[in-house]
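Asks: The following file, run.cif, comprises mmCIF, C-alpha atoms:
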data_protein
#
loop_
_atom_site.label_atom_id
_atom_site.label_comp_id
_atom_site.auth_asym_id
_atom_site.auth_seq_id
_atom_site.Cartn_x
_atom_site.Cartn_y
_atom_site.Cartn_z
CA MET M 1 -6.68 -5.71 14.51
CA SER M 2 -4.66 -2.49 14.71
CA TYR M 3 -3.34 -0.43 11.80
CA ALA M 4 -0.56 2.06 11.16
CA ILE M 5 0.47 4.11 8.14
CA ILE M 6 4.18 4.81 7.95
CA GLY M 7 4.81 7.76 5.68
CA PHE M 8 2.57 10.80 5.62
CA GLY M 9 3.05 12.27 2.20
CA LYS M 10 0.34 12.37 -0.45
CA ILE M 11 -0.29 8.62 -0.45
CA GLY M 12 -0.13 8.28 3.34
CA GLN M 13 -2.59 11.11 3.80
CA ALA M 14 -4.88 9.73 1.10
CA LEU M 15 -4.99 6.39 2.89
CA ALA M 16 -5.62 8.18 6.19
CA HIS M 17 -8.63 9.85 4.57
CA ALA M 18 -9.93 6.41 3.56
CA PHE M 19 -9.62 5.17 7.15
CA ALA M 20 -11.29 8.30 8.50
CA ARG M 21 -14.16 8.01 6.02
CA ARG M 22 -14.97 4.57 7.48
CA ASN M 23 -14.28 5.60 11.12
CA ILE M 24 -11.46 3.08 11.42
CA ASN M 25 -8.74 3.96 13.91
CA VAL M 26 -5.28 4.25 12.40
CA THR M 27 -1.94 5.44 13.71
CA VAL M 28 0.24 7.55 11.44
CA ALA M 29 3.96 8.19 11.69
CA SER M 30 6.99 9.07 9.67
CA ARG M 31 10.64 9.75 10.26
CA ARG M 32 9.63 13.34 11.07
CA PRO M 33 8.68 14.24 14.67
CA ALA M 34 5.09 13.43 15.60
CA GLU M 35 4.25 17.07 16.30
CA ALA M 36 5.08 17.94 12.69
CA LEU M 37 2.32 15.59 11.46
CA ALA M 38 -0.32 16.55 14.02
CA PRO M 39 -2.01 19.46 12.16
CA GLN M 40 -2.54 17.40 9.01
CA ALA M 41 -3.78 14.37 10.96
CA GLN M 42 -6.21 16.45 13.01
CA ALA M 43 -7.58 18.00 9.82
CA ILE M 44 -8.37 14.54 8.46
CA GLY M 45 -10.31 13.32 11.48
CA PRO M 46 -10.26 12.10 15.09
CA THR M 47 -9.63 8.46 14.17
CA VAL M 48 -6.22 9.40 12.73
CA VAL M 49 -3.73 9.47 15.60
CA VAL M 50 -0.11 10.58 15.31
CA LYS M 51 2.56 8.63 17.18
CA SER M 52 6.30 8.21 17.04
CA LEU M 53 7.61 5.75 14.49
CA ARG M 54 8.51 3.18 17.14
CA ASP M 55 5.10 3.45 18.86
CA ALA M 56 3.23 3.22 15.56
CA LEU M 57 5.01 -0.03 14.71
CA VAL M 58 3.17 -1.76 17.56
CA ALA M 59 0.28 -2.16 15.07
CA ASP M 60 -0.58 -5.56 13.60
CA ILE M 61 -0.86 -4.34 10.01
CA ILE M 62 1.55 -1.66 8.82
CA VAL M 63 1.04 0.28 5.60
CA LEU M 64 4.44 1.21 4.19
CA ALA M 65 3.95 4.47 2.29
CA VAL M 66 7.40 6.05 2.43
CA PRO M 67 9.49 6.93 -0.64
CA PHE M 68 10.99 3.69 -1.89
CA GLY M 69 14.53 4.59 -0.92
CA GLU M 70 13.55 5.04 2.75
CA HIS M 71 12.10 1.60 3.46
CA ARG M 72 15.38 0.19 4.75
CA GLU M 73 15.61 2.93 7.37
CA VAL M 74 12.09 2.10 8.56
CA ALA M 75 13.07 -1.56 8.79
CA LYS M 76 15.81 -0.67 11.26
CA ALA M 77 13.24 0.67 13.75
CA LEU M 78 12.38 -2.83 15.02
CA PRO M 79 14.77 -5.63 15.92
CA SER M 80 12.27 -8.22 14.67
CA TRP M 81 9.27 -8.08 12.32
CA GLU M 82 7.83 -11.44 13.35
CA GLY M 83 4.05 -11.33 13.57
CA LYS M 84 3.73 -8.18 11.48
CA THR M 85 1.97 -7.81 8.14
CA ILE M 86 3.45 -5.15 5.85
CA ILE M 87 1.32 -3.65 3.08
CA ASP M 88 3.77 -2.33 0.53
CA VAL M 89 2.17 0.59 -1.32
CA MET M 90 5.48 1.95 -2.64
CA ASN M 91 6.48 2.21 -6.28
CA SER M 92 10.14 1.68 -7.10
CA PHE M 93 10.09 3.89 -10.20
CA PRO M 94 12.52 5.43 -11.18
CA VAL M 95 14.93 3.05 -9.42
CA PRO M 96 16.67 1.03 -12.17
CA PRO M 97 16.08 -2.76 -12.04
CA GLU M 98 19.76 -3.50 -11.53
CA GLU M 99 19.59 -1.76 -8.15
CA LEU M 100 16.91 -4.25 -7.06
CA ASP M 101 19.27 -7.24 -7.35
CA GLY M 102 17.20 -8.59 -10.22
CA LEU M 103 14.12 -8.94 -7.98
CA PRO M 104 10.61 -7.53 -8.20
CA SER M 105 10.52 -4.56 -5.85
CA SER M 106 8.18 -6.36 -3.42
CA ALA M 107 10.71 -9.17 -3.00
CA PHE M 108 13.49 -6.63 -2.61
CA VAL M 109 11.54 -4.84 0.13
CA ALA M 110 10.75 -8.11 1.90
CA LYS M 111 14.47 -8.72 2.42
CA SER M 112 14.61 -5.75 4.81
CA PHE M 113 11.59 -6.85 6.87
CA THR M 114 12.72 -10.31 7.88
CA GLY M 115 9.95 -12.30 9.52
CA ALA M 116 7.11 -10.06 8.34
CA LYS M 117 4.43 -11.10 5.88
CA LEU M 118 4.39 -8.75 2.92
CA VAL M 119 1.38 -7.89 0.79
CA LYS M 120 1.61 -5.67 -2.27
CA GLY M 121 -1.41 -3.44 -2.73
CA PHE M 122 -3.11 -0.05 -3.04
CA ASN M 123 -0.38 1.31 -5.31
CA HIS M 124 -2.15 1.21 -8.67
CA LEU M 125 -4.27 4.28 -7.91
CA GLY M 126 -3.03 7.81 -7.41
CA ALA M 127 -3.39 9.69 -4.14
CA ALA M 128 -6.38 11.71 -5.31
CA LYS M 129 -8.30 8.54 -6.20
CA LEU M 130 -7.40 6.79 -2.94
CA ALA M 131 -8.62 9.74 -0.88
CA THR M 132 -12.06 9.92 -2.47
CA ASP M 133 -15.15 7.78 -2.05
CA PRO M 134 -14.72 4.52 -3.99
CA THR M 135 -18.24 4.54 -5.43
CA VAL M 136 -17.98 5.65 -9.05
CA GLU M 137 -20.91 5.81 -11.46
CA GLY M 138 -22.76 3.09 -9.59
CA GLY M 139 -19.70 0.84 -9.34
CA HIS M 140 -16.69 0.57 -7.07
CA ARG M 141 -12.97 0.88 -7.53
CA VAL M 142 -11.03 -2.34 -7.34
CA VAL M 143 -8.00 -2.81 -5.13
CA PHE M 144 -5.49 -5.47 -6.17
CA LEU M 145 -3.59 -7.48 -3.57
CA SER M 146 -0.66 -9.80 -4.13
CA SER M 147 1.45 -11.84 -1.73
CA ASP M 148 3.61 -14.93 -1.49
CA GLU M 149 2.05 -15.59 1.92
CA GLU M 150 -1.43 -17.01 1.36
CA ASP M 151 -2.57 -16.36 4.94
CA ALA M 152 -1.47 -12.72 4.73
CA ILE M 153 -4.03 -11.87 2.06
CA ALA M 154 -7.16 -12.44 4.16
CA PRO M 155 -6.70 -9.72 6.84
CA VAL M 156 -5.53 -7.20 4.25
CA ALA M 157 -8.44 -8.06 1.97
CA ASP M 158 -10.78 -7.55 4.92
CA LEU M 159 -9.31 -4.10 5.49
CA ALA M 160 -9.48 -3.24 1.80
CA LYS M 161 -13.14 -4.27 1.66
CA GLN M 162 -13.88 -1.95 4.56
CA LEU M 163 -12.07 0.91 2.86
CA TRP M 164 -12.86 0.32 -0.82
CA VAL M 165 -15.55 -2.39 -0.86
CA ARG M 166 -14.09 -4.61 -3.60
CA THR M 167 -10.78 -6.43 -3.85
CA ARG M 168 -9.15 -8.79 -6.29
CA GLN M 169 -6.31 -11.15 -5.55
CA ALA M 170 -3.59 -10.70 -8.13
CA GLY M 171 -1.41 -13.76 -7.68
CA LYS M 172 2.05 -14.10 -6.23
CA ALA M 173 4.06 -11.01 -5.44
CA GLN M 174 7.13 -12.35 -7.22
CA ARG M 175 5.32 -13.17 -10.48
CA GLY M 176 4.40 -10.39 -12.84
CA GLY M 177 2.27 -9.77 -15.89
CA ARG M 178 0.10 -7.21 -17.51
CA ALA M 179 -3.14 -5.58 -16.51
CA GLY M 180 -4.87 -5.58 -19.84
CA ALA M 181 -7.00 -2.87 -21.38
CA CYS M 182 -10.70 -3.52 -20.84
CA THR M 183 -13.87 -2.53 -22.63
CA ARG M 184 -15.15 0.20 -20.31
CA PRO M 185 -14.41 3.75 -21.56
CA HIS M 186 -11.41 5.75 -20.35
CA LEU M 187 -9.58 2.67 -19.14
CA GLY M 188 -6.07 1.85 -20.19
CA SER M 189 -3.47 -0.79 -19.52
CA ALA M 190 -0.78 -0.94 -16.89
CA HIS M 191 2.48 -2.81 -16.70
CA LEU M 192 2.70 -3.90 -13.09
CA SER M 193 5.61 -6.29 -12.96
CA GLY M 194 5.50 -8.44 -9.85
CA PHE M 195 1.99 -7.28 -9.05
CA VAL M 196 -0.90 -8.00 -11.43
CA GLN M 197 -1.35 -11.07 -13.59
CA GLU M 198 -2.17 -10.68 -17.25
CA GLY M 199 -5.82 -9.92 -17.94
CA ALA M 200 -6.61 -8.31 -14.60
CA VAL M 201 -8.90 -5.31 -14.97
CA ILE M 202 -8.26 -1.99 -13.29
CA ASP M 203 -10.37 1.15 -13.21
CA ASP M 204 -7.73 3.78 -13.76
CA TYR M 205 -4.88 4.34 -16.16
CA VAL M 206 -1.43 3.96 -14.71
CA SER M 207 1.92 3.27 -16.30
CA PHE M 208 5.21 2.58 -14.56
CA GLY M 209 8.60 2.22 -16.12
CA GLY M 210 10.06 -0.44 -13.88
CA ASN M 211 9.36 -3.20 -11.42
CA ILE M 212 6.60 -2.48 -8.93
#
Mind turning this structure into structure tokens?
Replies:
Amino acid sequence: MSYAIIGFGKIGQALAHAFARRNINVTVASRRPAEALAPQAQAIGPTVVVKSLRDALVADIIVLAVPFGEHREVAKALPSWEGKTIIDVMNSFPVPPEELDGLPSSAFVAKSFTGAKLVKGFNHLGAAKLATDPTVEGGHRVVFLSSDEEDAIAPVADLAKQLWVRTRQAGKAQRGGRAGACTRPHLGSAHLSGFVQEGAVIDDYVSFGGNI
């Protein structure tokens, strides 16, 4: 299985650090020239390889970490997305819901990547948390995954387990709910519409003002 991260801002680099920590090869790219990303990628580690956007999209599993408004431009880079799995780590905030055609953002994104299998995940933790070791006070951070394609979850869950050890399936991508406050200290609640079913437990406080 091959992996690529598209988008090399704070989240893209944080995810690259997670890959490097586990010695998993990953290609990184953005709409910027490859040579502009090379110094940052080299600083992260030798398993992080910069390629052009088109070359990076050869990967089987593609992590979409661009600003939300840029995903449609990325989608134009391939004539067909058949056989690809897209991990959508973007947050649509502050895009107003009416600009999403009344859809959860994951469903809105899926319209641009016709033929691909889309999994929502990795977006409930900030970049600093994603970049660090997932072991915390004897436990592990949890990564939530959600998809309308049942067979898309397994390979992404396998990757997430390699990177963060524990995963939790959070239902269908087009159904939303609330991640409720839990009893451990310093934990809050998050409204993750289209992402996490009610009662799911997370290990960090996040709050978004729109569909995720």
Asks: Closest to Phe19 in chain M among M:Asp88, M:Glu82, M:Asp151, M:Asp133, using all atoms listed in the file?
Replies: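 That would be M:Asp133, the residue with the smallest distance to Phe19 in chain M.
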Asks: Can you give me, as a ChimeraX atom specification, the residues this file yields under the PyMOL selection byres ((chain M and resi 90) around 6)?
Replies: /M:65,68,88-89,91
Asks: Let me see the file: selected residues, C-alpha atoms, as an mmCIF file, in the frame of the given file.
Replies:
data_model
loop_
_atom_site.group_PDB
_atom_site.id
_atom_site.type_symbol
_atom_site.label_atom_id
_atom_site.label_comp_id
_atom_site.auth_asym_id
_atom_site.auth_seq_id
_atom_site.Cartn_x
_atom_site.Cartn_y
_atom_site.Cartn_z
ATOM 1 C CA ALA M 65 3.950 4.470 2.290
ATOM 2 C CA PHE M 68 10.990 3.690 -1.890
ATOM 3 C CA ASP M 88 3.770 -2.330 0.530
ATOM 4 C CA VAL M 89 2.170 0.590 -1.320
ATOM 5 C CA ASN M 91 6.480 2.210 -6.280
#
Asks: Go through the shown structure with the PyMOL selection byres ((chain M and resi 49-62) around 10) and write out the matching residues as a PDB file with C-alpha atoms, keeping the file's coordinate frame.
Replies:
ATOM      1  CA  MET M   1      -6.680  -5.710  14.510  1.00  0.00           C
ATOM      2  CA  SER M   2      -4.660  -2.490  14.710  1.00  0.00           C
ATOM      3  CA  TYR M   3      -3.340  -0.430  11.800  1.00  0.00           C
ATOM      4  CA  ALA M   4      -0.560   2.060  11.160  1.00  0.00           C
ATOM      5  CA  ILE M   5       0.470   4.110   8.140  1.00  0.00           C
ATOM      6  CA  ILE M   6       4.180   4.810   7.950  1.00  0.00           C
ATOM      7  CA  GLY M   7       4.810   7.760   5.680  1.00  0.00           C
ATOM      8  CA  ALA M  16      -5.620   8.180   6.190  1.00  0.00           C
ATOM      9  CA  ASN M  25      -8.740   3.960  13.910  1.00  0.00           C
ATOM     10  CA  VAL M  26      -5.280   4.250  12.400  1.00  0.00           C
ATOM     11  CA  THR M  27      -1.940   5.440  13.710  1.00  0.00           C
ATOM     12  CA  VAL M  28       0.240   7.550  11.440  1.00  0.00           C
ATOM     13  CA  ALA M  29       3.960   8.190  11.690  1.00  0.00           C
ATOM     14  CA  SER M  30       6.990   9.070   9.670  1.00  0.00           C
ATOM     15  CA  ARG M  31      10.640   9.750  10.260  1.00  0.00           C
ATOM     16  CA  ARG M  32       9.630  13.340  11.070  1.00  0.00           C
ATOM     17  CA  PRO M  33       8.680  14.240  14.670  1.00  0.00           C
ATOM     18  CA  ALA M  34       5.090  13.430  15.600  1.00  0.00           C
ATOM     19  CA  GLU M  35       4.250  17.070  16.300  1.00  0.00           C
ATOM     20  CA  ALA M  36       5.080  17.940  12.690  1.00  0.00           C
ATOM     21  CA  LEU M  37       2.320  15.590  11.460  1.00  0.00           C
ATOM     22  CA  ALA M  38      -0.320  16.550  14.020  1.00  0.00           C
ATOM     23  CA  PRO M  39      -2.010  19.460  12.160  1.00  0.00           C
ATOM     24  CA  GLN M  40      -2.540  17.400   9.010  1.00  0.00           C
ATOM     25  CA  ALA M  41      -3.780  14.370  10.960  1.00  0.00           C
ATOM     26  CA  GLN M  42      -6.210  16.450  13.010  1.00  0.00           C
ATOM     27  CA  ILE M  44      -8.370  14.540   8.460  1.00  0.00           C
ATOM     28  CA  GLY M  45     -10.310  13.320  11.480  1.00  0.00           C
ATOM     29  CA  PRO M  46     -10.260  12.100  15.090  1.00  0.00           C
ATOM     30  CA  THR M  47      -9.630   8.460  14.170  1.00  0.00           C
ATOM     31  CA  VAL M  48      -6.220   9.400  12.730  1.00  0.00           C
ATOM     32  CA  VAL M  63       1.040   0.280   5.600  1.00  0.00           C
ATOM     33  CA  LEU M  64       4.440   1.210   4.190  1.00  0.00           C
ATOM     34  CA  ALA M  65       3.950   4.470   2.290  1.00  0.00           C
ATOM     35  CA  VAL M  74      12.090   2.100   8.560  1.00  0.00           C
ATOM     36  CA  ALA M  77      13.240   0.670  13.750  1.00  0.00           C
ATOM     37  CA  LEU M  78      12.380  -2.830  15.020  1.00  0.00           C
ATOM     38  CA  TRP M  81       9.270  -8.080  12.320  1.00  0.00           C
ATOM     39  CA  GLY M  83       4.050 -11.330  13.570  1.00  0.00           C
ATOM     40  CA  LYS M  84       3.730  -8.180  11.480  1.00  0.00           C
ATOM     41  CA  THR M  85       1.970  -7.810   8.140  1.00  0.00           C
ATOM     42  CA  ILE M  86       3.450  -5.150   5.850  1.00  0.00           C
ATOM     43  CA  ILE M  87       1.320  -3.650   3.080  1.00  0.00           C
ATOM     44  CA  ASP M  88       3.770  -2.330   0.530  1.00  0.00           C
ATOM     45  CA  ALA M 116       7.110 -10.060   8.340  1.00  0.00           C
ATOM     46  CA  LYS M 117       4.430 -11.100   5.880  1.00  0.00           C
ATOM     47  CA  LEU M 118       4.390  -8.750   2.920  1.00  0.00           C
ATOM     48  CA  ALA M 152      -1.470 -12.720   4.730  1.00  0.00           C
ATOM     49  CA  PRO M 155      -6.700  -9.720   6.840  1.00  0.00           C
ATOM     50  CA  VAL M 156      -5.530  -7.200   4.250  1.00  0.00           C
ATOM     51  CA  LEU M 159      -9.310  -4.100   5.490  1.00  0.00           C
TER      52      LEU M 159
END
Asks: I want to know what sits within 12 Å of Leu130 in chain M, based on only C-alpha atoms, with residues of the same chain fewer than 5 positions away left out; could you give that as a ChimeraX atom specification?
Replies: /M:10-19,21,89,121-125,135,140-143,160,163-164,204
Asks: Give the answer as one residue: which of M:Glu150, M:Pro134, M:Phe8, M:Glu99 has the shortest atom-to-atom distance to Arg22 in chain M, using only C-alpha atoms?
Replies: M:Pro134
Asks: Record the distance separating CA of Glu70 in chain M and CA of Ser105 in chain M, expressed in Å with one decimal.
Replies: 13.2 Å
Asks: Could you work out how far CA of Ala127 in chain M lies from CA of Phe108 in chain M, giving the answer in Å with one decimal?
Replies: 23.5 Å
Asks: Between M:Val119, M:Ala75, M:Ala110, M:Ala20, which is the closest to Ala43 in chain M once you count all atoms listed in the file?
Replies: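 When distances to Ala43 in chain M are compared using all atoms listed in the file, the smallest one comes from M:Ala20.
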Asks: From the set M:Ala128, M:Gln162, M:Gly9, M:Gly115, which residue has the shortest atom-to-atom contact distance to Ser80 in chain M, counting all atoms listed in the file?
Replies: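 Of M:Ala128, M:Gln162, M:Gly9, M:Gly115, the one nearest Ser80 in chain M, counting all atoms listed in the file, is M:Gly115.
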Asks: Listed atoms of range 116-133 of chain M, axis-aligned box, 8 Å per side: centre and edge lengths to one decimal in Å, as lines of an AutoDock Vina configuration file?
Replies:
center_x = -4.0
center_y = 0.3
center_z = -0.2
size_x = 38.3
size_y = 38.8
size_z = 33.0
Asks: Quick check, in Å to one decimal: how far apart do CA of Val95 in chain M and CA of Glu149 in chain M lie?
Replies: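 Atom-to-atom, CA of Val95 in chain M to CA of Glu149 in chain M, that is 25.3 Å.
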